[in-house]
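Enquirer: As input, take entry-v7.csv (CSV, C-alpha atoms):
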chain,number,residue,atom,x,y,z
A,26,MET,CA,-47.7,-14.8,15.8
A,27,GLN,CA,-48.9,-11.7,13.8
A,28,VAL,CA,-46.3,-9.5,12.2
A,29,PRO,CA,-46.9,-5.8,13.1
A,30,ILE,CA,-47.2,-3.6,10.0
A,31,LEU,CA,-46.2,0.1,10.6
A,32,LYS,CA,-47.0,2.9,8.2
A,33,GLN,CA,-44.2,5.3,7.5
A,34,ARG,CA,-44.7,8.0,4.9
A,35,ASP,CA,-45.6,6.2,1.6
A,36,TYR,CA,-44.1,3.0,3.0
A,37,LEU,CA,-45.2,0.0,5.1
A,38,ILE,CA,-42.7,-1.6,7.4
A,39,ALA,CA,-43.4,-5.3,8.4
A,40,SER,CA,-41.1,-6.1,11.2
A,41,ILE,CA,-40.9,-9.8,11.8
A,42,GLN,CA,-40.7,-10.4,15.6
A,43,SER,CA,-40.2,-14.1,16.0
A,44,VAL,CA,-39.9,-17.3,14.0
A,45,LEU,CA,-42.9,-17.6,11.7
A,46,SER,CA,-44.9,-20.6,10.9
A,47,ASP,CA,-46.1,-21.2,7.3
A,48,ALA,CA,-49.6,-19.9,8.3
A,49,ASP,CA,-48.0,-16.7,9.8
A,50,MET,CA,-46.2,-16.1,6.5
A,51,LEU,CA,-49.3,-16.5,4.5
A,52,GLN,CA,-51.1,-14.1,6.9
A,53,LEU,CA,-48.4,-11.6,6.4
A,54,ARG,CA,-48.8,-11.8,2.6
A,55,ASP,CA,-52.6,-11.2,2.8
A,56,ASN,CA,-52.3,-8.4,5.4
A,57,LEU,CA,-49.7,-6.6,3.2
A,58,ALA,CA,-51.8,-6.9,0.1
A,59,ALA,CA,-54.7,-5.4,1.9
A,60,ARG,CA,-52.7,-2.6,3.6
A,61,VAL,CA,-51.1,-1.5,0.4
A,62,GLY,CA,-54.5,-0.7,-0.9
A,63,GLU,CA,-55.8,0.9,2.3
A,64,PHE,CA,-52.8,3.2,2.7
A,65,ARG,CA,-51.9,3.6,-1.0
A,66,SER,CA,-48.4,2.6,-0.1
A,67,ARG,CA,-45.7,2.7,-2.8
A,68,GLY,CA,-43.0,0.7,-0.9
A,69,ILE,CA,-42.8,-2.1,1.6
A,70,ILE,CA,-40.0,-3.1,3.8
A,71,ILE,CA,-40.0,-6.6,5.3
A,72,ASP,CA,-37.5,-6.9,8.1
A,73,VAL,CA,-36.3,-10.5,8.5
A,74,THR,CA,-33.5,-9.8,10.9
A,75,VAL,CA,-34.8,-12.2,13.6
A,76,LEU,CA,-35.3,-15.1,11.3
A,77,ASP,CA,-32.7,-17.8,12.0
A,78,LEU,CA,-33.6,-19.6,8.8
A,79,ILE,CA,-35.3,-18.9,5.4
A,80,ASP,CA,-36.1,-22.2,3.9
A,81,SER,CA,-37.7,-23.0,0.5
A,82,PHE,CA,-41.2,-22.3,1.7
A,83,ALA,CA,-40.2,-18.9,3.2
A,84,THR,CA,-38.3,-18.0,0.1
A,85,ARG,CA,-41.2,-18.9,-2.1
A,86,THR,CA,-43.6,-16.9,0.1
A,87,LEU,CA,-41.3,-13.8,0.2
A,88,ARG,CA,-41.0,-13.9,-3.6
A,89,ALA,CA,-44.8,-14.3,-3.9
A,90,ILE,CA,-45.4,-11.3,-1.6
A,91,ALA,CA,-43.0,-9.1,-3.5
A,92,HIS,CA,-44.5,-10.0,-6.9
A,93,MET,CA,-48.1,-9.6,-5.6
A,94,LEU,CA,-47.3,-6.2,-4.2
A,95,LYS,CA,-45.6,-5.2,-7.4
A,96,LEU,CA,-48.8,-6.0,-9.2
A,97,ARG,CA,-50.5,-3.7,-6.7
A,98,GLY,CA,-48.1,-1.0,-7.7
A,99,ALA,CA,-45.6,-1.1,-4.8
A,100,GLU,CA,-42.0,-2.0,-4.5
A,101,THR,CA,-40.8,-4.5,-1.8
A,102,VAL,CA,-37.4,-4.7,-0.2
A,103,ILE,CA,-36.3,-7.5,2.2
A,104,VAL,CA,-33.9,-6.3,4.8
A,105,GLY,CA,-31.8,-8.0,7.5
A,106,ILE,CA,-31.0,-11.4,6.1
A,107,GLN,CA,-28.3,-12.7,8.5
A,108,PRO,CA,-25.0,-14.1,7.2
A,109,ASP,CA,-25.7,-17.7,8.2
A,110,VAL,CA,-29.2,-17.5,6.8
A,111,ALA,CA,-27.8,-16.2,3.5
A,112,PHE,CA,-25.2,-18.9,3.5
A,113,ALA,CA,-27.8,-21.7,3.9
A,114,MET,CA,-30.0,-20.1,1.2
A,115,VAL,CA,-27.1,-20.2,-1.2
A,116,GLN,CA,-26.3,-23.8,-0.3
A,117,LEU,CA,-29.9,-24.7,-1.0
A,118,GLY,CA,-29.9,-22.8,-4.3
A,119,LEU,CA,-32.6,-20.5,-3.1
A,120,THR,CA,-32.8,-17.0,-4.7
A,121,LEU,CA,-34.9,-14.0,-4.2
A,122,GLU,CA,-34.8,-13.2,-7.9
A,123,GLY,CA,-36.7,-10.0,-8.8
A,124,VAL,CA,-37.0,-9.0,-5.2
A,125,GLY,CA,-35.1,-6.1,-3.7
A,126,THR,CA,-32.8,-6.7,-0.7
A,127,ALA,CA,-30.9,-4.4,1.5
A,128,LEU,CA,-28.6,-4.7,4.5
A,129,ASP,CA,-30.9,-3.1,7.1
A,130,LEU,CA,-33.8,-0.8,7.6
A,131,GLU,CA,-31.9,2.3,6.8
A,132,GLU,CA,-30.6,0.9,3.6
A,133,GLY,CA,-34.1,-0.5,2.8
A,134,LEU,CA,-35.6,3.0,3.1
A,135,ALA,CA,-32.9,4.4,0.8
A,136,TYR,CA,-33.6,1.6,-1.7
A,137,LEU,CA,-37.3,2.5,-1.7
A,138,ASP,CA,-36.6,6.2,-2.0
A,139,THR,CA,-34.6,5.4,-5.2
A,140,LYS,CA,-37.1,2.9,-6.5
A,141,THR,CA,-40.3,5.0,-5.9
A,142,ARG,CA,-38.9,8.4,-6.7
A,143,LYS,CA,-41.3,10.4,-8.9
A,144,PRO,CA,-40.1,11.4,-12.4
A,145,VAL,CA,-38.6,14.9,-12.4
A,146,HIS,CA,-41.5,16.6,-14.2
A,147,GLU,CA,-43.9,15.5,-11.5
A,148,GLN,CA,-41.9,17.0,-8.7
A,149,GLN,CA,-42.5,20.6,-7.5
B,1,MET,CA,-23.1,-35.3,25.6
B,2,ASN,CA,-26.7,-36.2,24.8
B,3,ASN,CA,-26.9,-39.8,23.6
B,4,SER,CA,-30.7,-40.1,23.6
B,5,ASP,CA,-33.0,-39.7,20.6
B,6,ILE,CA,-34.8,-36.5,20.1
B,7,GLN,CA,-38.1,-37.3,18.5
B,8,THR,CA,-40.5,-34.9,16.9
B,9,GLU,CA,-43.9,-36.0,15.5
B,10,ILE,CA,-44.7,-34.2,12.3
B,11,TYR,CA,-48.4,-33.5,11.8
B,12,SER,CA,-48.5,-29.9,10.4
B,13,ALA,CA,-46.3,-27.1,9.3
B,14,VAL,CA,-46.0,-25.9,12.9
B,15,ASP,CA,-44.1,-29.1,13.7
B,16,ILE,CA,-41.5,-28.3,11.1
B,17,VAL,CA,-40.5,-25.3,13.2
B,18,THR,CA,-40.3,-27.4,16.3
B,19,ALA,CA,-38.2,-30.1,14.6
B,20,ARG,CA,-35.7,-27.6,13.2
B,21,GLN,CA,-35.4,-25.7,16.5
B,22,ARG,CA,-34.7,-29.0,18.3
B,23,GLY,CA,-32.2,-29.8,15.6
B,24,ARG,CA,-30.5,-26.5,16.0
B,25,ALA,CA,-30.2,-27.0,19.8
B,26,LEU,CA,-28.8,-30.5,19.4
B,27,ALA,CA,-26.3,-29.3,16.7
B,28,ILE,CA,-25.1,-26.6,19.1
B,29,GLU,CA,-24.8,-29.1,21.9
B,30,LEU,CA,-22.8,-31.4,19.7
B,31,GLY,CA,-20.3,-28.7,18.9
B,32,PHE,CA,-21.3,-27.4,15.5
B,33,ASP,CA,-20.5,-23.8,14.8
B,34,GLY,CA,-22.9,-21.0,13.6
B,35,ALA,CA,-23.0,-21.6,9.8
B,36,ASP,CA,-23.2,-25.4,10.1
B,37,VAL,CA,-26.0,-25.2,12.8
B,38,THR,CA,-28.0,-23.2,10.3
B,39,LEU,CA,-27.3,-25.7,7.5
B,40,VAL,CA,-28.5,-28.6,9.8
B,41,ALA,CA,-31.7,-26.6,10.7
B,42,ALA,CA,-32.3,-25.9,7.0
B,43,ALA,CA,-31.9,-29.6,6.0
B,44,ILE,CA,-34.3,-30.6,8.8
B,45,SER,CA,-36.8,-28.0,7.6
B,46,GLU,CA,-36.8,-29.3,4.1
B,47,ILE,CA,-37.2,-33.0,5.0
B,48,ALA,CA,-39.9,-32.3,7.6
B,49,ARG,CA,-41.7,-30.2,5.0
B,50,ASN,CA,-41.5,-33.1,2.6
B,51,ILE,CA,-43.4,-35.2,5.2
B,52,VAL,CA,-46.1,-32.5,5.6
B,53,ASP,CA,-46.5,-32.0,1.9
B,54,HIS,CA,-46.5,-35.6,0.8
B,55,ALA,CA,-47.2,-38.0,3.7
B,56,LYS,CA,-49.3,-35.7,6.0
B,57,GLN,CA,-47.6,-37.2,9.0
B,58,GLY,CA,-44.4,-38.8,10.1
B,59,VAL,CA,-41.5,-38.4,12.6
B,60,VAL,CA,-38.1,-36.8,12.7
B,61,VAL,CA,-35.6,-38.5,15.0
B,62,MET,CA,-32.2,-36.9,15.8
B,63,ASN,CA,-29.3,-38.0,17.8
B,64,ALA,CA,-25.5,-37.8,18.1
B,65,ALA,CA,-23.6,-39.9,15.6
B,66,TYR,CA,-20.2,-41.6,15.8
B,67,GLU,CA,-18.3,-43.4,13.1
B,68,GLY,CA,-14.7,-44.3,13.1
B,69,GLY,CA,-13.1,-41.2,14.7
B,70,LYS,CA,-15.9,-38.9,13.5
B,71,ARG,CA,-18.6,-37.3,15.6
B,72,GLY,CA,-21.7,-35.6,14.3
B,73,ILE,CA,-25.4,-35.5,14.1
B,74,LYS,CA,-27.8,-38.0,12.5
B,75,ILE,CA,-31.3,-37.2,11.4
B,76,VAL,CA,-33.9,-39.7,10.3
B,77,ALA,CA,-37.2,-38.6,8.8
B,78,LYS,CA,-39.7,-41.4,8.5
B,79,ASP,CA,-43.2,-41.5,7.2
B,80,GLU,CA,-45.8,-44.1,6.2
B,81,GLY,CA,-47.1,-42.0,3.3
B,82,PRO,CA,-47.7,-42.9,-0.3
B,83,GLY,CA,-44.0,-43.3,-1.1
B,84,ILE,CA,-42.1,-41.7,-3.9
B,85,PRO,CA,-42.7,-43.4,-7.3
B,86,ASN,CA,-39.4,-42.2,-8.8
B,87,VAL,CA,-36.7,-41.4,-6.2
B,88,VAL,CA,-34.1,-40.5,-8.8
B,89,GLN,CA,-36.5,-37.9,-10.3
B,90,ALA,CA,-37.5,-36.6,-6.9
B,91,MET,CA,-33.8,-36.0,-6.1
B,92,GLN,CA,-33.4,-33.8,-9.2
B,93,TYR,CA,-33.0,-30.2,-8.4
B,94,GLY,CA,-36.1,-28.2,-9.5
B,95,TYR,CA,-38.3,-31.2,-9.9
B,96,SER,CA,-41.5,-30.7,-7.9
B,97,SER,CA,-44.4,-33.1,-7.9
B,98,ARG,CA,-47.1,-30.7,-6.7
B,99,LYS,CA,-46.0,-27.9,-4.6
B,100,GLY,CA,-42.8,-26.2,-3.5
B,101,LEU,CA,-39.7,-25.2,-5.4
B,102,GLY,CA,-38.5,-28.7,-6.0
B,103,VAL,CA,-35.4,-28.0,-3.9
B,104,GLY,CA,-36.4,-29.8,-0.7
B,105,LEU,CA,-34.8,-33.2,-0.9
B,106,PRO,CA,-31.9,-32.4,-3.2
B,107,GLY,CA,-31.3,-29.2,-1.2
B,108,ALA,CA,-31.1,-31.2,2.0
B,109,LYS,CA,-28.6,-33.6,0.4
B,110,TRP,CA,-26.3,-30.7,-0.5
B,111,LEU,CA,-26.4,-29.4,3.1
B,112,MET,CA,-25.4,-32.6,4.7
B,113,ASP,CA,-22.4,-34.9,4.4
B,114,GLU,CA,-24.4,-38.1,4.0
B,115,PHE,CA,-27.8,-38.5,2.6
B,116,ASP,CA,-29.8,-41.7,2.0
B,117,ILE,CA,-33.4,-42.1,0.9
B,118,VAL,CA,-35.4,-45.3,0.8
B,119,SER,CA,-39.0,-45.2,-0.5
B,120,GLU,CA,-41.5,-47.8,-1.3
B,121,ILE,CA,-44.9,-47.2,-2.8
B,122,GLY,CA,-47.7,-47.7,-0.2
B,123,VAL,CA,-45.2,-48.3,2.6
B,124,GLY,CA,-43.5,-44.9,3.1
B,125,THR,CA,-40.3,-43.0,2.9
B,126,THR,CA,-37.2,-42.8,5.1
B,127,VAL,CA,-34.6,-40.2,4.8
B,128,THR,CA,-31.4,-40.7,6.8
B,129,MET,CA,-28.8,-37.9,6.8
B,130,LYS,CA,-25.6,-37.1,8.7
B,131,LYS,CA,-23.3,-34.2,9.1
B,132,TRP,CA,-19.9,-34.6,10.7
B,133,LEU,CA,-18.0,-32.1,12.8
B,134,SER,CA,-15.0,-30.8,10.8
B,135,LYS,CA,-12.6,-30.7,13.7
Translate this structure into structure tokens?

Expert:
Amino acid sequence: MQVPILKQRDYLIASIQSVLSDADMLQLRDNLAARVGEFRSRGIIIDVTVLDLIDSFATRTLRAIAHMLKLRGAETVIVGIQPDVAFAMVQLGLTLEGVGTALDLEEGLAYLDTKTRKPVHEQQ
Amino acid sequence: MNNSDIQTEIYSAVDIVTARQRGRALAIELGFDGADVTLVAAAISEIARNIVDHAKQGVVVMNAAYEGGKRGIKIVAKDEGPGIPNVVQAMQYGYSSRKGLGVGLPGAKWLMDEFDIVSEIGVGTTVTMKKWLSK
């Protein structure tokens, strides 16, 4: 199942709609890398609220996505990791080191606003 | 109470999702609560992935487990792949032969109450793991 990617201001929002297979996750990675260039996006939100599990492969892929997009000049924030999912990740020793996380979409937008704010001298 | 085996053939990454969803459903049926259900699903995901990554194909069998006064879930992942040359090394956290984070097998062990792995070169690998209901 494809993950829809919405454009909102300078940001892209990838809202995961159902459980993803490995192939779906890799597709999401490739689509985001392409869209960031197409829309010159500066921030990406990946909403994982519906995921009932983030295993080692999903963790590795989310990390890879964030690092790839960083190399393309954009900040990534993962939002909506559920309590049980977070618990299982901790038990497995999985971390999203170097990747932004936020509680929900709203917090994710606020995070990106902070992270991608232009320096004062560039503002009007 | 479901006493029959739930068997999932593992051929590709898509089957990993099937196996863990069936495991999740069985764990709920057996009376596990939210967090433990997710831990069981996570352990199944890791051992099923181990099959896909290293043996190409295999099977995950799940059923209710009873022992003494304890009730719980038993999961067996079996493949006829190349086998693991050094099981002790493979069970070390962060050790990865080719792909992955090297957390799969040791991670699954942490999530479950009992974990046993038998592997023979050229014969295959069998992982047996159990989680008991706390009440």

Enquirer: By how many Å are atom CA of B:Leu30 and atom CA of B:Asn63 apart?

Expert: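 Answer for the atom CA of B:Leu30 to atom CA of B:Asn63 separation: 9.5 Å.
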
Enquirer: Please identify all residues of chain A having at least one atom at most 6 Å from any atom of chain B, considering only C-alpha atoms, and return them as a PyMOL selection string.

Expert: chain A and resi 46+109+113+117

Enquirer: Find the spatial neighbours of B:Val123, counting all atoms listed in the file, within a cut-off of 9 Å - ignore same-chain residues fewer than 3 positions away - and output them as number ranges by chain.

Expert: B: 79-83, 119-120

Enquirer: How many Å lie between atom CA of A:Met26 and atom CA of A:Asp49, rounded to one decimal?

Expert: 6.3 Å

Enquirer: What gap, in Å, lies between atom CA of B:Lys56 and atom CA of B:Thr8?

Expert: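 Between atom CA of B:Lys56 and atom CA of B:Thr8 the gap is 14.0 Å.
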
Enquirer: Could you give me, as a count of residues only, the residues within 8 Å of A:Asp129, counting all atoms listed in the file and dropping anything in the same chain fewer than 3 positions from it?

Expert: 5

Enquirer: Using only C-alpha atoms, which of A:Asp77, A:Glu122, A:Asp35, A:Asp55 sits nearest A:Leu134?

Expert: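 Going through A:Asp77, A:Glu122, A:Asp35, A:Asp55 one by one, the smallest distance to A:Leu134 is for A:Asp35.
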
Enquirer: Excluding stretch 59-63 of chain A and residues on its chain fewer than 6 positions from it, collect all residues at most 8 Å away from it, counting only C-alpha atoms, and give them as a VMD selection string.

Expert: chain A and resid 37 94 97 99

Enquirer: Using all atoms listed in the file and a cutoff of 6 Å, can you tell me which residues are near (-40.4, -0.5, 2.8) in the file's coordinates, and write them out as a list of chain:residue names?

Expert: A:Tyr36, A:Leu37, A:Ile38, A:Gly68, A:Ile69, A:Ile70, A:Val102, A:Leu134

Enquirer: Kindly reconstruct stretch 45-70 of chain A with N, CA and C atoms and present the result as a PDB file, in the coordinates of the input.

Expert:
ATOM      1  N   LEU A  45     -41.508 -17.565  12.261  1.00  0.00           N
ATOM      2  CA  LEU A  45     -42.900 -17.600  11.700  1.00  0.00           C
ATOM      3  C   LEU A  45     -43.216 -19.007  11.229  1.00  0.00           C
ATOM      4  N   SER A  46     -44.444 -19.406  11.488  1.00  0.00           N
ATOM      5  CA  SER A  46     -44.900 -20.600  10.900  1.00  0.00           C
ATOM      6  C   SER A  46     -45.373 -20.342   9.469  1.00  0.00           C
ATOM      7  N   ASP A  47     -45.654 -21.371   8.702  1.00  0.00           N
ATOM      8  CA  ASP A  47     -46.100 -21.200   7.300  1.00  0.00           C
ATOM      9  C   ASP A  47     -47.385 -20.323   7.314  1.00  0.00           C
ATOM     10  N   ALA A  48     -48.289 -20.614   8.257  1.00  0.00           N
ATOM     11  CA  ALA A  48     -49.600 -19.900   8.300  1.00  0.00           C
ATOM     12  C   ALA A  48     -49.314 -18.394   8.582  1.00  0.00           C
ATOM     13  N   ASP A  49     -48.345 -18.096   9.466  1.00  0.00           N
ATOM     14  CA  ASP A  49     -48.000 -16.700   9.800  1.00  0.00           C
ATOM     15  C   ASP A  49     -47.516 -15.973   8.514  1.00  0.00           C
ATOM     16  N   MET A  50     -46.712 -16.686   7.721  1.00  0.00           N
ATOM     17  CA  MET A  50     -46.200 -16.100   6.500  1.00  0.00           C
ATOM     18  C   MET A  50     -47.269 -15.749   5.498  1.00  0.00           C
ATOM     19  N   LEU A  51     -48.221 -16.673   5.393  1.00  0.00           N
ATOM     20  CA  LEU A  51     -49.300 -16.500   4.500  1.00  0.00           C
ATOM     21  C   LEU A  51     -50.218 -15.311   4.941  1.00  0.00           C
ATOM     22  N   GLN A  52     -50.369 -15.229   6.274  1.00  0.00           N
ATOM     23  CA  GLN A  52     -51.100 -14.100   6.900  1.00  0.00           C
ATOM     24  C   GLN A  52     -50.473 -12.802   6.574  1.00  0.00           C
ATOM     25  N   LEU A  53     -49.156 -12.774   6.690  1.00  0.00           N
ATOM     26  CA  LEU A  53     -48.400 -11.600   6.400  1.00  0.00           C
ATOM     27  C   LEU A  53     -48.634 -11.130   4.942  1.00  0.00           C
ATOM     28  N   ARG A  54     -48.601 -12.114   4.046  1.00  0.00           N
ATOM     29  CA  ARG A  54     -48.800 -11.800   2.600  1.00  0.00           C
ATOM     30  C   ARG A  54     -50.206 -11.166   2.426  1.00  0.00           C
ATOM     31  N   ASP A  55     -51.229 -11.764   3.021  1.00  0.00           N
ATOM     32  CA  ASP A  55     -52.600 -11.200   2.800  1.00  0.00           C
ATOM     33  C   ASP A  55     -52.753  -9.870   3.478  1.00  0.00           C
ATOM     34  N   ASN A  56     -52.172  -9.696   4.680  1.00  0.00           N
ATOM     35  CA  ASN A  56     -52.300  -8.400   5.400  1.00  0.00           C
ATOM     36  C   ASN A  56     -51.598  -7.297   4.557  1.00  0.00           C
ATOM     37  N   LEU A  57     -50.409  -7.607   4.011  1.00  0.00           N
ATOM     38  CA  LEU A  57     -49.700  -6.600   3.200  1.00  0.00           C
ATOM     39  C   LEU A  57     -50.459  -6.212   1.973  1.00  0.00           C
ATOM     40  N   ALA A  58     -51.012  -7.223   1.304  1.00  0.00           N
ATOM     41  CA  ALA A  58     -51.800  -6.900   0.100  1.00  0.00           C
ATOM     42  C   ALA A  58     -52.940  -6.019   0.367  1.00  0.00           C
ATOM     43  N   ALA A  59     -53.585  -6.226   1.511  1.00  0.00           N
ATOM     44  CA  ALA A  59     -54.700  -5.400   1.900  1.00  0.00           C
ATOM     45  C   ALA A  59     -54.281  -3.981   2.286  1.00  0.00           C
ATOM     46  N   ARG A  60     -53.212  -3.898   3.098  1.00  0.00           N
ATOM     47  CA  ARG A  60     -52.700  -2.600   3.600  1.00  0.00           C
ATOM     48  C   ARG A  60     -52.239  -1.692   2.488  1.00  0.00           C
ATOM     49  N   VAL A  61     -51.595  -2.277   1.489  1.00  0.00           N
ATOM     50  CA  VAL A  61     -51.100  -1.500   0.400  1.00  0.00           C
ATOM     51  C   VAL A  61     -52.223  -0.700  -0.267  1.00  0.00           C
ATOM     52  N   GLY A  62     -53.385  -1.337  -0.378  1.00  0.00           N
ATOM     53  CA  GLY A  62     -54.500  -0.700  -0.900  1.00  0.00           C
ATOM     54  C   GLY A  62     -55.099   0.376   0.017  1.00  0.00           C
ATOM     55  N   GLU A  63     -55.185  -0.005   1.275  1.00  0.00           N
ATOM     56  CA  GLU A  63     -55.800   0.900   2.300  1.00  0.00           C
ATOM     57  C   GLU A  63     -54.969   2.174   2.442  1.00  0.00           C
ATOM     58  N   PHE A  64     -53.627   2.053   2.479  1.00  0.00           N
ATOM     59  CA  PHE A  64     -52.800   3.200   2.700  1.00  0.00           C
ATOM     60  C   PHE A  64     -52.176   3.794   1.413  1.00  0.00           C
ATOM     61  N   ARG A  65     -52.506   3.196   0.282  1.00  0.00           N
ATOM     62  CA  ARG A  65     -51.900   3.600  -1.000  1.00  0.00           C
ATOM     63  C   ARG A  65     -50.408   3.674  -0.917  1.00  0.00           C
ATOM     64  N   SER A  66     -49.836   2.624  -0.331  1.00  0.00           N
ATOM     65  CA  SER A  66     -48.400   2.600  -0.100  1.00  0.00           C
ATOM     66  C   SER A  66     -47.652   2.332  -1.419  1.00  0.00           C
ATOM     67  N   ARG A  67     -46.471   2.915  -1.534  1.00  0.00           N
ATOM     68  CA  ARG A  67     -45.700   2.700  -2.800  1.00  0.00           C
ATOM     69  C   ARG A  67     -44.458   1.837  -2.505  1.00  0.00           C
ATOM     70  N   GLY A  68     -44.186   1.595  -1.242  1.00  0.00           N
ATOM     71  CA  GLY A  68     -43.000   0.700  -0.900  1.00  0.00           C
ATOM     72  C   GLY A  68     -43.276  -0.055   0.343  1.00  0.00           C
ATOM     73  N   ILE A  69     -42.690  -1.249   0.404  1.00  0.00           N
ATOM     74  CA  ILE A  69     -42.800  -2.100   1.600  1.00  0.00           C
ATOM     75  C   ILE A  69     -41.480  -2.636   1.988  1.00  0.00           C
ATOM     76  N   ILE A  70     -41.207  -2.529   3.284  1.00  0.00           N
ATOM     77  CA  ILE A  70     -40.000  -3.100   3.800  1.00  0.00           C
ATOM     78  C   ILE A  70     -40.390  -4.319   4.668  1.00  0.00           C
TER      79      ILE A  70
END
